[in-house]
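Enquirer: final-v9.txt is reproduced below (compact mmCIF, C-alpha atoms).
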```txt
# COMPACT_ATOMS: atom_id res chain seq x y z
CA MET A 1 1.56 15.35 8.11
CA ASN A 2 4.84 17.28 8.02
CA PHE A 3 5.90 15.11 10.93
CA GLY A 4 5.74 12.04 8.68
CA ILE A 5 7.81 13.71 5.97
CA ALA A 6 10.41 14.75 8.53
CA ILE A 7 10.73 11.13 9.73
CA LEU A 8 11.13 9.93 6.15
CA TYR A 9 13.86 12.42 5.30
CA GLY A 10 15.63 11.81 8.60
CA LEU A 11 15.65 8.08 7.87
CA LEU A 12 16.87 8.76 4.33
CA ALA A 13 19.75 10.87 5.65
CA ILE A 14 20.79 8.18 8.15
CA LEU A 15 20.64 5.40 5.55
CA ALA A 16 22.58 7.50 3.02
CA LEU A 17 25.29 8.19 5.60
CA VAL A 18 25.56 4.52 6.53
CA ALA A 19 25.78 3.59 2.84
CA LEU A 20 28.42 6.26 2.20
CA SER A 21 30.47 5.14 5.19
CA ARG A 22 30.78 1.67 3.69
CA ALA A 23 32.67 3.26 0.78
CA ASP A 24 32.17 0.20 -1.44
CA GLY A 25 29.65 1.43 -4.01
CA THR A 26 26.66 0.70 -1.77
CA PHE A 27 25.64 4.36 -1.91
CA GLN A 28 25.77 4.45 -5.72
CA HIS A 29 23.79 1.20 -6.01
CA GLY A 30 21.14 2.43 -3.60
CA LEU A 31 20.86 5.76 -5.34
CA ARG A 32 20.64 4.14 -8.75
CA ARG A 33 17.90 1.80 -7.61
CA ALA A 34 16.00 4.69 -6.05
CA VAL A 35 16.12 6.71 -9.28
CA GLU A 36 15.02 3.71 -11.35
CA GLN A 37 12.05 3.03 -9.07
CA LEU A 38 11.17 6.69 -9.12
CA ALA A 39 11.18 6.61 -12.93
CA VAL A 40 8.74 3.69 -12.83
CA LEU A 41 6.52 5.27 -10.25
CA ALA A 42 6.35 9.01 -10.88
CA PRO A 43 4.57 9.10 -14.28
CA ARG A 44 2.08 6.44 -13.19
CA MET A 45 1.52 8.17 -9.90
CA VAL A 46 0.64 11.49 -11.52
CA CYS A 47 -2.01 9.77 -13.66
CA ALA A 48 -3.28 7.54 -10.84
CA LEU A 49 -3.66 10.45 -8.41
CA THR A 50 -5.50 12.52 -11.01
CA ALA A 51 -7.84 9.65 -11.82
CA ALA A 52 -8.36 8.94 -8.11
CA GLY A 53 -9.42 12.53 -7.53
CA PHE A 54 -12.08 12.30 -10.24
CA ILE A 55 -13.30 8.89 -9.07
CA ALA A 56 -13.53 10.07 -5.47
CA ARG A 57 -15.68 12.97 -6.65
CA LEU A 58 -17.99 10.60 -8.50
CA ILE A 59 -18.49 8.31 -5.48
CA PRO A 60 -21.45 9.57 -3.43
CA SER A 61 -19.55 9.42 -0.13
CA GLU A 62 -22.08 11.22 2.05
CA LEU A 63 -24.95 9.09 0.79
CA ILE A 64 -22.96 5.90 1.45
CA GLY A 65 -21.93 7.18 4.88
CA GLN A 66 -25.58 7.37 5.93
CA TYR A 67 -25.96 3.63 5.30
CA LEU A 68 -22.96 2.81 7.50
CA GLY A 69 -24.48 3.88 10.81
CA GLY A 70 -24.33 1.80 13.99
CA GLU A 71 -27.91 0.57 13.69
CA ALA A 72 -27.09 -1.06 10.34
CA GLY A 73 -24.75 -3.49 12.19
CA LEU A 74 -23.67 -6.42 10.02
CA LYS A 75 -25.08 -4.93 6.84
CA ALA A 76 -22.93 -1.83 7.34
CA ILE A 77 -19.83 -3.99 7.72
CA PHE A 78 -20.49 -5.79 4.43
CA LEU A 79 -21.31 -2.55 2.61
CA ALA A 80 -18.18 -0.86 3.97
CA THR A 81 -16.06 -3.83 2.87
CA ALA A 82 -17.55 -3.64 -0.63
CA VAL A 83 -16.91 0.11 -0.90
CA GLY A 84 -13.32 -0.39 0.27
CA LEU A 85 -12.84 -2.82 -2.61
CA ILE A 86 -13.61 -0.25 -5.26
CA ILE A 87 -11.41 2.63 -4.12
CA PRO A 88 -8.46 2.44 -6.52
CA ALA A 89 -6.39 5.09 -4.80
CA GLY A 90 -3.74 5.81 -2.21
CA PRO A 91 -4.17 6.82 1.43
CA VAL A 92 -4.94 10.46 0.63
CA ILE A 93 -8.21 9.66 -1.09
CA ALA A 94 -9.09 6.66 1.04
CA PHE A 95 -8.74 8.48 4.35
CA ALA A 96 -10.49 11.57 2.98
CA ILE A 97 -13.44 9.32 2.09
CA ALA A 98 -13.27 7.60 5.49
CA ALA A 99 -13.46 11.02 7.15
CA ILE A 100 -16.56 11.87 5.08
CA PHE A 101 -18.12 8.53 6.13
CA ALA A 102 -17.36 9.32 9.77
CA ARG A 103 -18.99 12.74 9.49
CA SER A 104 -22.06 11.17 7.86
CA GLY A 105 -22.57 8.91 10.87
CA ALA A 106 -20.74 5.70 10.01
CA SER A 107 -20.06 3.37 12.95
CA THR A 108 -16.53 2.56 14.13
CA ALA A 109 -16.96 -1.06 13.04
CA ALA A 110 -17.97 0.00 9.52
CA LEU A 111 -15.07 2.43 9.28
CA ILE A 112 -12.62 -0.24 10.39
CA ALA A 113 -14.04 -2.68 7.83
CA PHE A 114 -13.75 0.02 5.15
CA ILE A 115 -10.13 0.93 5.92
CA THR A 116 -9.12 -2.72 6.24
CA SER A 117 -10.80 -3.65 2.97
CA TRP A 118 -9.23 -0.73 1.13
CA SER A 119 -5.78 -1.36 2.59
CA LEU A 120 -5.82 -5.01 1.52
CA PHE A 121 -7.42 -4.73 -1.89
CA ALA A 122 -6.49 -1.27 -3.27
CA ALA A 123 -6.42 -2.03 -6.98
CA HIS A 124 -3.77 0.44 -8.04
CA ARG A 125 -1.24 -1.21 -5.73
CA ILE A 126 -2.04 -4.66 -7.10
CA PHE A 127 -1.52 -3.53 -10.68
CA ILE A 128 1.50 -1.28 -10.16
CA TYR A 129 3.46 -3.45 -7.71
CA GLU A 130 2.08 -6.82 -6.76
CA ILE A 131 1.57 -8.46 -10.15
CA PRO A 132 4.83 -7.17 -11.67
CA LEU A 133 6.98 -7.88 -8.60
CA LEU A 134 5.46 -11.09 -7.24
CA GLY A 135 3.30 -12.55 -9.99
CA PRO A 136 -0.32 -13.66 -10.32
CA SER A 137 0.01 -16.82 -8.24
CA PHE A 138 1.10 -14.79 -5.21
CA LEU A 139 -1.82 -12.43 -5.77
CA ARG A 140 -4.21 -15.39 -5.83
CA LEU A 141 -2.77 -16.87 -2.64
CA ARG A 142 -2.96 -13.50 -0.90
CA LEU A 143 -6.50 -12.65 -2.01
CA VAL A 144 -7.83 -16.01 -0.79
CA SER A 145 -5.89 -15.68 2.49
CA VAL A 146 -7.28 -12.25 3.34
CA ALA A 147 -10.74 -12.59 1.78
CA VAL A 148 -12.47 -12.70 5.17
CA THR A 149 -10.15 -10.28 6.96
CA PRO A 150 -12.13 -7.01 6.54
CA VAL A 151 -15.39 -8.61 7.73
CA LEU A 152 -13.50 -10.23 10.61
CA ALA A 153 -12.05 -6.83 11.55
CA GLY A 154 -15.53 -5.28 11.44
CA LEU A 155 -17.02 -8.06 13.58
CA MET A 156 -14.26 -7.76 16.15
CA ALA A 157 -14.83 -4.01 16.26
CA LEU A 158 -18.55 -4.65 16.76
CA ALA A 159 -17.79 -7.04 19.62
CA TRP A 160 -15.35 -4.50 21.06
CA ALA A 161 -17.98 -1.77 20.94
CA GLY A 162 -20.48 -4.15 22.59
CA LEU A 163 -18.03 -4.87 25.41
CA ALA A 164 -17.28 -1.19 25.87
CA GLY A 165 -21.01 -0.50 25.91
CA ALA A 166 -20.54 2.36 23.46
CA LYS A 167 -22.18 3.05 20.08
CA MET B 1 22.76 -3.18 -9.53
CA ALA B 2 24.16 -2.05 -12.86
CA ASP B 3 24.42 -5.67 -13.96
CA ARG B 4 20.65 -5.98 -14.24
CA ALA B 5 20.31 -3.37 -16.98
CA PRO B 6 19.94 -4.82 -20.48
CA GLU B 7 23.26 -4.72 -22.31
CA GLY B 8 24.06 -1.67 -24.36
CA GLU B 9 21.12 0.39 -23.16
CA ALA B 10 21.99 3.87 -21.95
CA TRP B 11 20.66 4.67 -18.48
CA PRO B 12 18.46 7.64 -19.55
CA ALA B 13 16.85 5.45 -22.21
CA LEU B 14 16.25 2.74 -19.59
CA LEU B 15 14.65 5.26 -17.25
CA PHE B 16 12.39 6.48 -20.02
CA ARG B 17 11.37 2.92 -20.89
CA LEU B 18 10.68 2.18 -17.21
CA GLY B 19 8.64 5.36 -16.84
CA PHE B 20 6.44 5.09 -19.89
CA GLY B 21 5.71 1.39 -20.26
CA ARG B 22 2.36 -0.09 -21.14
CA SER B 23 0.77 0.24 -17.72
CA PHE B 24 1.57 3.96 -17.72
CA TRP B 25 -0.78 4.39 -20.67
CA GLY B 26 -3.44 2.43 -18.84
CA PHE B 27 -3.26 4.90 -15.96
CA ALA B 28 -3.21 7.86 -18.36
CA ALA B 29 -6.33 6.53 -20.08
CA LEU B 30 -8.05 6.04 -16.71
CA ALA B 31 -7.25 9.65 -15.77
CA VAL B 32 -8.64 10.99 -19.05
CA VAL B 33 -11.81 8.86 -18.95
CA SER B 34 -12.59 9.56 -15.28
CA GLY B 35 -11.92 13.26 -15.87
CA PHE B 36 -14.28 13.26 -18.82
CA VAL B 37 -17.02 11.46 -16.87
CA CYS B 38 -16.53 13.86 -13.96
CA PHE B 39 -16.82 16.85 -16.30
CA ILE B 40 -20.07 15.49 -17.81
CA VAL B 41 -21.69 14.24 -14.58
CA ALA B 42 -20.53 16.80 -12.02
CA GLY B 43 -20.02 19.87 -14.22
CA ALA B 44 -17.18 22.21 -15.12
CA GLU B 45 -16.95 23.79 -11.69
CA ALA B 46 -16.53 20.49 -9.88
CA PHE B 47 -14.03 19.42 -12.53
CA ALA B 48 -11.91 22.52 -11.89
CA GLU B 49 -12.12 21.92 -8.12
CA VAL B 50 -10.89 18.36 -8.50
CA VAL B 51 -8.01 19.46 -10.74
CA ALA B 52 -6.96 22.05 -8.16
CA ASP B 53 -7.17 19.41 -5.39
CA ASP B 54 -5.17 16.97 -7.50
CA LEU B 55 -2.40 19.50 -8.08
CA HIS B 56 -2.31 20.28 -4.38
CA MET B 57 -2.13 16.60 -3.57
CA LEU B 58 0.64 16.02 -6.09
CA ALA B 59 2.68 18.84 -4.58
CA ASN B 60 2.24 17.12 -1.20
CA THR B 61 2.97 13.64 -2.44
CA VAL B 62 6.03 14.17 -4.64
CA PRO B 63 8.48 14.97 -1.81
CA ARG B 64 7.11 11.99 0.11
CA ILE B 65 7.64 9.65 -2.85
CA ILE B 66 11.19 10.89 -3.50
CA ALA B 67 12.16 10.25 0.13
CA ALA B 68 10.38 6.88 0.18
CA MET B 69 12.15 5.69 -2.95
CA GLY B 70 15.50 6.79 -1.49
CA VAL B 71 14.83 4.89 1.74
CA ALA B 72 13.66 1.81 -0.18
CA GLY B 73 16.71 1.91 -2.44
CA PHE B 74 19.20 2.03 0.43
CA ILE B 75 17.37 -0.59 2.49
CA TRP B 76 17.24 -2.83 -0.54
CA VAL B 77 21.00 -2.80 -1.09
CA MET B 78 22.00 -2.97 2.59
CA MET B 79 19.47 -5.44 3.96
CA PRO B 80 20.98 -8.57 5.57
CA ARG B 81 19.07 -11.02 3.40
CA ASP B 82 20.46 -14.27 4.84
CA LYS B 83 19.51 -13.32 8.37
CA LEU B 84 16.04 -12.14 7.38
CA THR B 85 15.37 -15.32 5.48
CA ARG B 86 16.46 -17.47 8.40
CA LEU B 87 14.03 -15.57 10.63
CA VAL B 88 11.03 -16.11 8.36
CA GLY B 89 12.03 -19.29 6.48
CA GLN B 90 10.04 -22.48 5.89
CA GLU B 91 10.68 -23.82 9.40
CA SER B 92 9.95 -20.56 11.22
CA GLY B 93 6.53 -21.61 12.55
CA TRP B 94 4.58 -19.23 14.75
CA ARG B 95 7.65 -17.17 15.47
CA GLY B 96 8.05 -16.44 11.75
CA LEU B 97 4.48 -15.18 11.51
CA VAL B 98 4.90 -12.90 14.54
CA ILE B 99 8.22 -11.54 13.25
CA ALA B 100 6.73 -10.97 9.80
CA THR B 101 3.79 -9.10 11.32
CA GLY B 102 6.15 -6.93 13.37
CA ALA B 103 8.34 -6.24 10.34
CA GLY B 104 5.28 -5.20 8.33
CA ILE B 105 4.30 -2.71 11.01
CA VAL B 106 7.68 -0.99 11.06
CA THR B 107 8.51 -1.09 7.32
CA PRO B 108 8.72 2.55 6.30
CA GLY B 109 7.72 3.85 2.90
CA GLY B 110 4.87 3.09 0.56
CA PRO B 111 4.10 0.04 -1.54
CA ALA B 112 7.29 0.40 -3.57
CA ALA B 113 9.41 -0.35 -0.50
CA ALA B 114 7.15 -3.03 0.95
CA PHE B 115 6.61 -5.00 -2.25
CA SER B 116 10.33 -4.81 -3.17
CA LEU B 117 11.24 -6.25 0.21
CA LEU B 118 8.54 -8.88 -0.19
CA ALA B 119 9.96 -9.92 -3.56
CA VAL B 120 13.47 -10.17 -2.11
CA LEU B 121 12.24 -12.29 0.83
CA GLY B 122 10.17 -14.51 -1.43
CA GLY B 123 13.08 -15.00 -3.81
CA ALA B 124 15.32 -15.91 -0.88
CA GLY B 125 12.97 -18.69 0.24
CA ALA B 126 10.78 -17.16 2.94
CA ASP B 127 7.74 -19.15 4.01
CA ARG B 128 4.47 -18.31 2.25
CA GLY B 129 2.62 -17.72 5.51
CA ALA B 130 5.28 -15.22 6.58
CA LEU B 131 5.10 -13.44 3.21
CA ILE B 132 1.33 -13.08 3.49
CA ALA B 133 1.51 -12.03 7.15
CA TYR B 134 4.16 -9.45 6.29
CA VAL B 135 2.31 -7.76 3.44
CA THR B 136 -1.04 -7.95 5.24
CA SER B 137 0.47 -6.36 8.32
CA TRP B 138 2.19 -3.65 6.29
CA ALA B 139 -1.04 -2.84 4.43
CA MET B 140 -3.32 -2.77 7.47
CA LEU B 141 -1.06 -1.66 10.29
CA GLY B 142 1.99 0.06 8.75
CA LEU B 143 2.98 2.64 11.36
CA GLN B 144 4.10 5.22 8.87
CA ARG B 145 0.70 5.30 7.21
CA VAL B 146 -1.05 5.34 10.56
CA LEU B 147 0.98 8.35 11.68
CA VAL B 148 0.85 10.24 8.40
CA TRP B 149 -2.76 9.58 7.37
CA ASP B 150 -4.84 7.70 9.90
CA VAL B 151 -4.25 9.86 12.97
CA PRO B 152 -4.68 13.27 11.24
CA PHE B 153 -7.86 12.21 9.39
CA MET B 154 -9.56 9.93 11.91
CA GLY B 155 -8.17 10.92 15.30
CA ALA B 156 -5.82 9.10 17.66
CA GLU B 157 -8.54 7.19 19.54
CA PHE B 158 -9.99 5.62 16.40
CA SER B 159 -6.52 4.77 15.08
CA LEU B 160 -5.53 3.05 18.31
CA THR B 161 -8.79 1.07 18.43
CA ARG B 162 -8.27 -0.03 14.84
CA LEU B 163 -4.66 -1.07 15.46
CA LEU B 164 -5.52 -3.14 18.55
CA ILE B 165 -8.44 -4.87 16.86
CA CYS B 166 -6.49 -5.63 13.68
CA LEU B 167 -3.27 -6.77 15.38
CA PRO B 168 -4.01 -10.54 15.26
CA LEU B 169 -5.40 -10.52 11.71
CA PRO B 170 -2.11 -10.72 9.74
CA ILE B 171 -1.17 -13.83 11.74
CA ILE B 172 -4.55 -15.39 10.95
CA ALA B 173 -4.04 -14.54 7.25
CA GLY B 174 -0.60 -16.19 7.39
CA LEU B 175 -2.07 -19.35 8.96
CA ILE B 176 -4.75 -19.45 6.25
CA ALA B 177 -2.08 -19.02 3.56
CA ARG B 178 -0.10 -21.96 4.98
CA SER B 179 -3.12 -24.22 4.93
CA LEU B 180 -4.25 -23.40 1.39
CA PRO B 181 -3.51 -25.99 -1.29
CA LEU B 182 -2.45 -23.37 -3.85
CA THR B 183 0.77 -23.50 -5.82
CA LEU B 184 2.95 -20.44 -5.53
CA GLN B 185 5.21 -19.43 -8.42
CA LEU B 186 6.89 -16.13 -7.62
CA ALA B 187 7.85 -13.79 -10.42
CA ASP B 188 11.61 -13.92 -10.85
CA GLU B 189 13.22 -11.10 -8.93
CA ASP B 190 15.59 -10.46 -11.81
CA GLU B 191 12.58 -9.62 -13.92
CA LEU B 192 12.24 -6.42 -11.93
CA GLN B 193 14.04 -4.31 -14.50
CA LYS B 194 11.75 -5.41 -17.30
CA ARG B 195 8.60 -4.87 -15.35
CA PRO B 196 6.73 -2.10 -17.17
CA SER B 197 6.73 -4.09 -20.44
```
Take the structure from the file and write it as structure tokens.
Expert:
Amino acid sequence: MNFGIAILYGLLAILALVALSRADGTFQHGLRRAVEQLAVLAPRMVCALTAAGFIARLIPSELIGQYLGGEAGLKAIFLATAVGLIIPAGPVIAFAIAAIFARSGASTAALIAFITSWSLFAAHRIFIYEIPLLGPSFLRLRLVSVAVTPVLAGLMALAWAGLAGAK
Amino acid sequence: MADRAPEGEAWPALLFRLGFGRSFWGFAALAVVSGFVCFIVAGAEAFAEVVADDLHMLANTVPRIIAAMGVAGFIWVMMPRDKLTRLVGQESGWRGLVIATGAGIVTPGGPAAAFSLLAVLGGAGADRGALIAYVTSWAMLGLQRVLVWDVPFMGAEFSLTRLLICLPLPIIAGLIARSLPLTLQLADEDELQKRPS
């Protein structure tokens, strides 16, 4: 995980240097925009992360994981998609839950459906960014366009597993 | 971008207004209610555990967010918008969808960066299929998230399987978006500054 942070800060340093080297106010504009976005995000993020922690605790992850096993097949894919829909939190919580599912015996196809569903429909992202920045008509277009995607991902994973002869 | 600030408003006041707008209170209420329910349902001990985990997670996330916002800010001001729009414009066809999917994979940073870029592209006239392919690809396949979260939690083999299986899906989503008879009215990009109202 520290690897990811190192990449981010390395990228930040390079971009800042490039902006500075232009010497035309680009650096100041970029910095100003960064601080403004941080002001929008930080207070909401503190609350959202706290709430996400409580919600994750209330979701019976191990119990759900037992219903996502390989023998459940299609049903597991639909259940995993539905659970992914209701996780209103960032990657920390979502992947922690996915790891619990995996330990409780969830199949690869179900896990892929879960992660895909969460990544496309995570509610906090829709409310914090998508509606304010792009508007409700974009949200509608996107939701309809990707409505079948998690199930499709799960089915392809199932087919993949069938071909590989595993699970 | 100083010109987008409302006239006469001091920058600290603007920052405060951005930080504590209406949706902030929605999140605050959600935190309080979920904490209360957790305390009642799971007990005081579990509550304390979650609070400790949350603090730990915040300490981990804050440096990440600061760097991500910095990267997003600089990319936003330096991005060659004309060129990008030509690549993924109305006439870009299949190529536009593939480029958008690739761009989504390599866009660094969290949703703040990705959705800002999306708004800029949309405002500059990018094709709707490309917009959908881009954000779908970023959400499902974004390399930064895969490296930072997916691989450590789920293992490299699972992550690779997931990436390969999901690779064509953003393009399919973009094709679906192009064929849908829905009107698309993007929020004005200049509205960005007023957004927490």
Enquirer: Near chain B, which residues of chain A fall within 7 Å when you count all atoms listed in the file, and what do they look like as a VMD selection string?
Expert: chain A and resid 1 4 to 5 8 to 9 11 to 12 15 to 16 26 29 to 31 33 to 34 36 to 41 43 to 44 47 to 51 53 to 55 58 91 95 to 96 99 112 116 119 to 120 125 129 to 130 132 to 135 137 to 138 141 to 142 145 to 146 149 153 156 to 157
Enquirer: So how far away is CA of Arg140 (chain A) from CA of Ile77 (chain A), in Å?
Expert: 23.6 Å
Enquirer: What does the structure give for the distance between CA of Ile99 (chain B) and CA of Leu143 (chain A), in Å to one decimal?
Expert: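 According to the coordinates, CA of Ile99 (chain B) and CA of Leu143 (chain A) are separated by 21.2 Å.
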Enquirer: Select, from B:Arg81, B:Leu121, B:Gln90, B:Leu143, the residue with the minimum atom-to-atom distance to Gly102 (chain B), counting all atoms listed in the file.
Expert: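 Comparing B:Arg81, B:Leu121, B:Gln90, B:Leu143 against Gly102 (chain B), the winner is B:Leu143.
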Enquirer: What separation in Å, quoted to one decimal, exists between CA of Arg95 (chain B) and CA of Tyr134 (chain B)?
Expert: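 The value is 12.5 Å.
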Enquirer: Counting all atoms listed in the file, which residues have an atom no more than 9 Å from (-16.9, 6.2, 11.3) in the file's coordinates? Please list them as a ChimeraX atom specification.
Expert: /A:65,68-69,98-112 /B:154,158
Enquirer: Please write the residues from the selection above to a file, keeping C-alpha atoms, as a JSON list (two decimals), in the frame of the given file.
Expert:
```json
[["chain", "number", "residue", "atom", "x", "y", "z"],
["A", 65, "GLY", "CA", -21.93, 7.18, 4.88],
["A", 68, "LEU", "CA", -22.96, 2.81, 7.50],
["A", 69, "GLY", "CA", -24.48, 3.88, 10.81],
["A", 98, "ALA", "CA", -13.27, 7.60, 5.49],
["A", 99, "ALA", "CA", -13.46, 11.02, 7.15],
["A", 100, "ILE", "CA", -16.56, 11.87, 5.08],
["A", 101, "PHE", "CA", -18.12, 8.53, 6.13],
["A", 102, "ALA", "CA", -17.36, 9.32, 9.77],
["A", 103, "ARG", "CA", -18.99, 12.74, 9.49],
["A", 104, "SER", "CA", -22.06, 11.17, 7.86],
["A", 105, "GLY", "CA", -22.57, 8.91, 10.87],
["A", 106, "ALA", "CA", -20.74, 5.70, 10.01],
["A", 107, "SER", "CA", -20.06, 3.37, 12.95],
["A", 108, "THR", "CA", -16.53, 2.56, 14.13],
["A", 109, "ALA", "CA", -16.96, -1.06, 13.04],
["A", 110, "ALA", "CA", -17.97, 0.00, 9.52],
["A", 111, "LEU", "CA", -15.07, 2.43, 9.28],
["A", 112, "ILE", "CA", -12.62, -0.24, 10.39],
["B", 154, "MET", "CA", -9.56, 9.93, 11.91],
["B", 158, "PHE", "CA", -9.99, 5.62, 16.40]]
```
Enquirer: Can you rebuild region 22-41 of chain A with N, CA and C atoms and give it as a short mmCIF file (atom, residue, chain, number, x, y, z; two decimals), in the frame of the given file?
Expert:
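Saved to selection.cif:
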```cif
data_model
loop_
_atom_site.label_atom_id
_atom_site.label_comp_id
_atom_site.auth_asym_id
_atom_site.auth_seq_id
_atom_site.Cartn_x
_atom_site.Cartn_y
_atom_site.Cartn_z
N ARG A 22 30.26 2.97 4.10
CA ARG A 22 30.78 1.67 3.69
C ARG A 22 31.81 1.82 2.57
N ALA A 23 31.69 2.92 1.81
CA ALA A 23 32.67 3.26 0.78
C ALA A 23 32.96 2.10 -0.18
N ASP A 24 31.92 1.33 -0.52
CA ASP A 24 32.17 0.20 -1.44
C ASP A 24 31.16 0.20 -2.61
N GLY A 25 30.60 1.36 -2.90
CA GLY A 25 29.65 1.43 -4.01
C GLY A 25 28.21 1.20 -3.56
N THR A 26 28.02 0.91 -2.27
CA THR A 26 26.66 0.70 -1.77
C THR A 26 25.80 1.94 -2.01
N PHE A 27 26.39 3.11 -1.75
CA PHE A 27 25.64 4.36 -1.91
C PHE A 27 25.18 4.52 -3.37
N GLN A 28 26.12 4.30 -4.30
CA GLN A 28 25.77 4.45 -5.72
C GLN A 28 24.68 3.46 -6.13
N HIS A 29 24.81 2.21 -5.67
CA HIS A 29 23.79 1.20 -6.01
C HIS A 29 22.42 1.60 -5.46
N GLY A 30 22.40 2.04 -4.21
CA GLY A 30 21.14 2.43 -3.60
C GLY A 30 20.51 3.59 -4.33
N LEU A 31 21.35 4.57 -4.66
CA LEU A 31 20.86 5.76 -5.34
C LEU A 31 20.30 5.39 -6.72
N ARG A 32 21.04 4.53 -7.41
CA ARG A 32 20.64 4.14 -8.75
C ARG A 32 19.28 3.42 -8.71
N ARG A 33 19.16 2.52 -7.73
CA ARG A 33 17.90 1.80 -7.61
C ARG A 33 16.75 2.75 -7.28
N ALA A 34 17.04 3.73 -6.41
CA ALA A 34 16.00 4.69 -6.05
C ALA A 34 15.54 5.48 -7.27
N VAL A 35 16.49 5.93 -8.09
CA VAL A 35 16.12 6.71 -9.28
C VAL A 35 15.33 5.86 -10.27
N GLU A 36 15.74 4.59 -10.42
CA GLU A 36 15.02 3.71 -11.35
C GLU A 36 13.58 3.50 -10.89
N GLN A 37 13.42 3.27 -9.57
CA GLN A 37 12.05 3.03 -9.07
C GLN A 37 11.21 4.30 -9.18
N LEU A 38 11.87 5.42 -8.98
CA LEU A 38 11.17 6.69 -9.12
C LEU A 38 10.70 6.89 -10.56
N ALA A 39 11.54 6.48 -11.51
CA ALA A 39 11.18 6.61 -12.93
C ALA A 39 9.96 5.75 -13.24
N VAL A 40 9.90 4.56 -12.62
CA VAL A 40 8.74 3.69 -12.83
C VAL A 40 7.50 4.34 -12.23
N LEU A 41 7.68 4.87 -11.05
CA LEU A 41 6.52 5.27 -10.25
C LEU A 41 5.95 6.64 -10.62
#
```
